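For reference, the structure discussed in these notes is given below.
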Amino acid sequence: MKRIGMIIICMLTALSLSACGGGRALKESSTLTPDRTTAGAKRMAETPRTNAYQTGSDAGLFRENDYRGFFQDLRAHNVGDLVTINIVETSKASKAAATKTARTSSINAGVTNLLGYEKQVHMPPAFDTTSMFKASMANNFDGSGATSRDESMTASITAMVTRVLPNGNLFIEGTRRIRVNNEIQHIVLSGTIRPSDISPDNTVLSSYIGDARIDYTGKGPVSDKQRPGWLARILDVVWPF
């Protein structure tokens, strides 16, 4: 019994000591909490808020604005989409013509018998009445001509869809400018394509472009040498022969 009483006394003593310590800690915390709370609230009020998590759609990993879809068709179909045009143009034409004409005319006239009066007309002895008029004319024409043209162009350019037509076709426009050693090559392309002609890798052949306009020009020292001088061009315009 003495041992049990001693244990109970020790437990009561420990509880009283812990209560005193907890009250002192509570008192200290109560004296410090208002200041800390006021300072924290002040800092939170002064800290600017961001709009990163103001909407519910941005709160998770999934964001609807950035979602492209696992099974979305990547081919161009809206304004602003890009499509690659493979320019493969080959044209060949030839024409030949030949004309040949000939015309020959002749005339031979004379008087051999004119009621006997041909003998009464005093003519010089050298005059022959049987061959008074004689003429001939010949006209020949031989003409031929031939022309041929063979052109080819191969290039690739990425164009942008600028307009979707009411029937669903796409109007595209694209430019490409390449400069190598002060030589500038400029490609301009525009036209209308059908969405069904676009391949799965988002490319289309230039032969499938309606109302296609493809300009391939160059500017630089090499291109300038391909043209005659300005004086020669003026003379070609005004020269009448």
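Residues are named by chain letter and number: chains run A, B, ... in the order of the structure tokens, numbers start at 1 in each chain, and ligands are numbered from 1 in the order shown.
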Legend entry - Within 7 Å of Thr192 in chain A using only C-alpha atoms, minus same-chain residues under 3 positions, as a PyMOL selection string: chain A and resi 169-172+209-211
Legend entry - Close residues, Val88 in chain A itself excluded, 8 Å, only C-alpha atoms, min 4 positions apart in chain, as a ChimeraX atom specification: /A:152-155,205-207
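Neighbours of range 79-85 of chain A closer than or equal to 10 Å, with only C-alpha atoms counted and sequence neighbours fewer than 5 positions away skipped, come out as Leu74, Ala155, Ser156, Ile157, Thr158, Ala159, Met160, Val161, Thr162, Arg163, Val164, Leu170, Phe171, Ile172, Glu173, Gly174, Leu189, Ile198, Ser199, Asp201, Asn202, Thr203, Val204, Leu205, Ser206, Ser207, Tyr208 and Ile209 of chain A.
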Legend entry - DSSP-assigned helix (DSSP H, G or I) members of range 55-237 of chain A, reported as a PyMOL selection string: chain A and resi 56-58+64-66+117-120+129-131+195-197+206-208+221-224+230-237
Export of the given selection (C-alpha atoms) as a compact mmCIF listing (two decimals), in the first residue's frame:
# COMPACT_ATOMS: atom_id res chain seq x y z
CA GLY A 56 -10.84 26.49 -61.56
CA SER A 57 -9.72 25.32 -65.01
CA ASP A 58 -6.10 26.26 -64.20
CA GLU A 64 -8.40 23.16 -71.66
CA ASN A 65 -6.70 25.99 -73.55
CA ASP A 66 -3.56 23.91 -74.08
CA TYR A 117 -4.80 44.01 -193.20
CA GLU A 118 -1.77 42.76 -191.36
CA LYS A 119 0.18 43.01 -194.61
CA GLN A 120 -0.94 46.53 -195.32
CA THR A 129 3.11 40.19 -185.75
CA THR A 130 2.84 36.58 -184.59
CA SER A 131 4.54 37.40 -181.33
CA PRO A 195 -8.83 19.90 -97.44
CA SER A 196 -9.21 16.41 -98.90
CA ASP A 197 -6.08 16.94 -101.03
CA SER A 206 1.31 22.33 -106.23
CA SER A 207 -0.63 20.65 -109.04
CA TYR A 208 -3.65 20.47 -106.70
CA PRO A 221 24.81 40.12 -109.44
CA VAL A 222 24.09 36.80 -111.13
CA SER A 223 20.50 37.72 -111.96
CA ASP A 224 21.50 41.15 -113.26
CA TRP A 230 18.96 49.58 -120.02
CA LEU A 231 20.13 51.24 -123.26
CA ALA A 232 19.82 47.99 -125.19
CA ARG A 233 16.29 47.49 -123.82
CA ILE A 234 15.29 51.01 -124.88
CA LEU A 235 16.69 50.46 -128.36
CA ASP A 236 14.73 47.21 -128.64
CA VAL A 237 11.54 49.13 -127.94
Inset, instruction - Fewer than 2 positions away in the same chain doesn't count, so skip those; otherwise give me all residues within 8 Å of Glu151 in chain A, counting only C-alpha atoms, as a ChimeraX atom specification. - result: /A:89-92,149,153
Inset, instruction - Choose the residue, out of A:Thr101, A:Thr217, A:Ser136, A:Gln226, that has the smallest atom-to-atom separation from Arg179 in chain A; count only C-alpha atoms. - result: A:Thr217
Inset, instruction - Could you check how far CA of Arg213 in chain A sits from CA of Arg194 in chain A, in Å to one decimal? - result: 16.1 Å
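Of the residues listed (A:Cys10, A:Ile87, A:Met132, A:Ala146), A:Ile87 shows the shortest atom-to-atom separation from Tyr216 in chain A; distances use only C-alpha atoms.
Distances from A:Asp215, A:Gly229, A:Arg75, A:Ala93 to Thr147 in chain A were compared using only C-alpha atoms, and the smallest one belongs to A:Ala93.
Restricting the calculation to only C-alpha atoms, the smallest distance between Asp142 in chain A and any of A:Ala96, A:Ile178, A:Ala102, A:Ile107 is found for A:Ala102.
Atom pair CA of Ala138 in chain A / CA of Lys100 in chain A has a distance of 14.0 Å (rounded to one decimal).
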Legend entry - Interatomic distance (Å, one decimal) between CA of Ser94 in chain A and CA of Gly218 in chain A: 27.0 Å
Legend entry - Residues within 7 Å of Arg177 in chain A, only C-alpha atoms, excluding chain neighbours under 4 positions, as a PyMOL selection string: chain A and resi 184-187
Written selection (C-alpha atoms) as an mmCIF file, in the first residue's frame:
data_model
loop_
_atom_site.group_PDB
_atom_site.id
_atom_site.type_symbol
_atom_site.label_atom_id
_atom_site.label_comp_id
_atom_site.auth_asym_id
_atom_site.auth_seq_id
_atom_site.Cartn_x
_atom_site.Cartn_y
_atom_site.Cartn_z
ATOM 1 C CA ILE A 184 18.328 36.874 -103.231
ATOM 2 C CA GLN A 185 15.790 34.274 -104.322
ATOM 3 C CA HIS A 186 12.161 35.143 -103.626
ATOM 4 C CA ILE A 187 9.254 32.668 -103.898
#
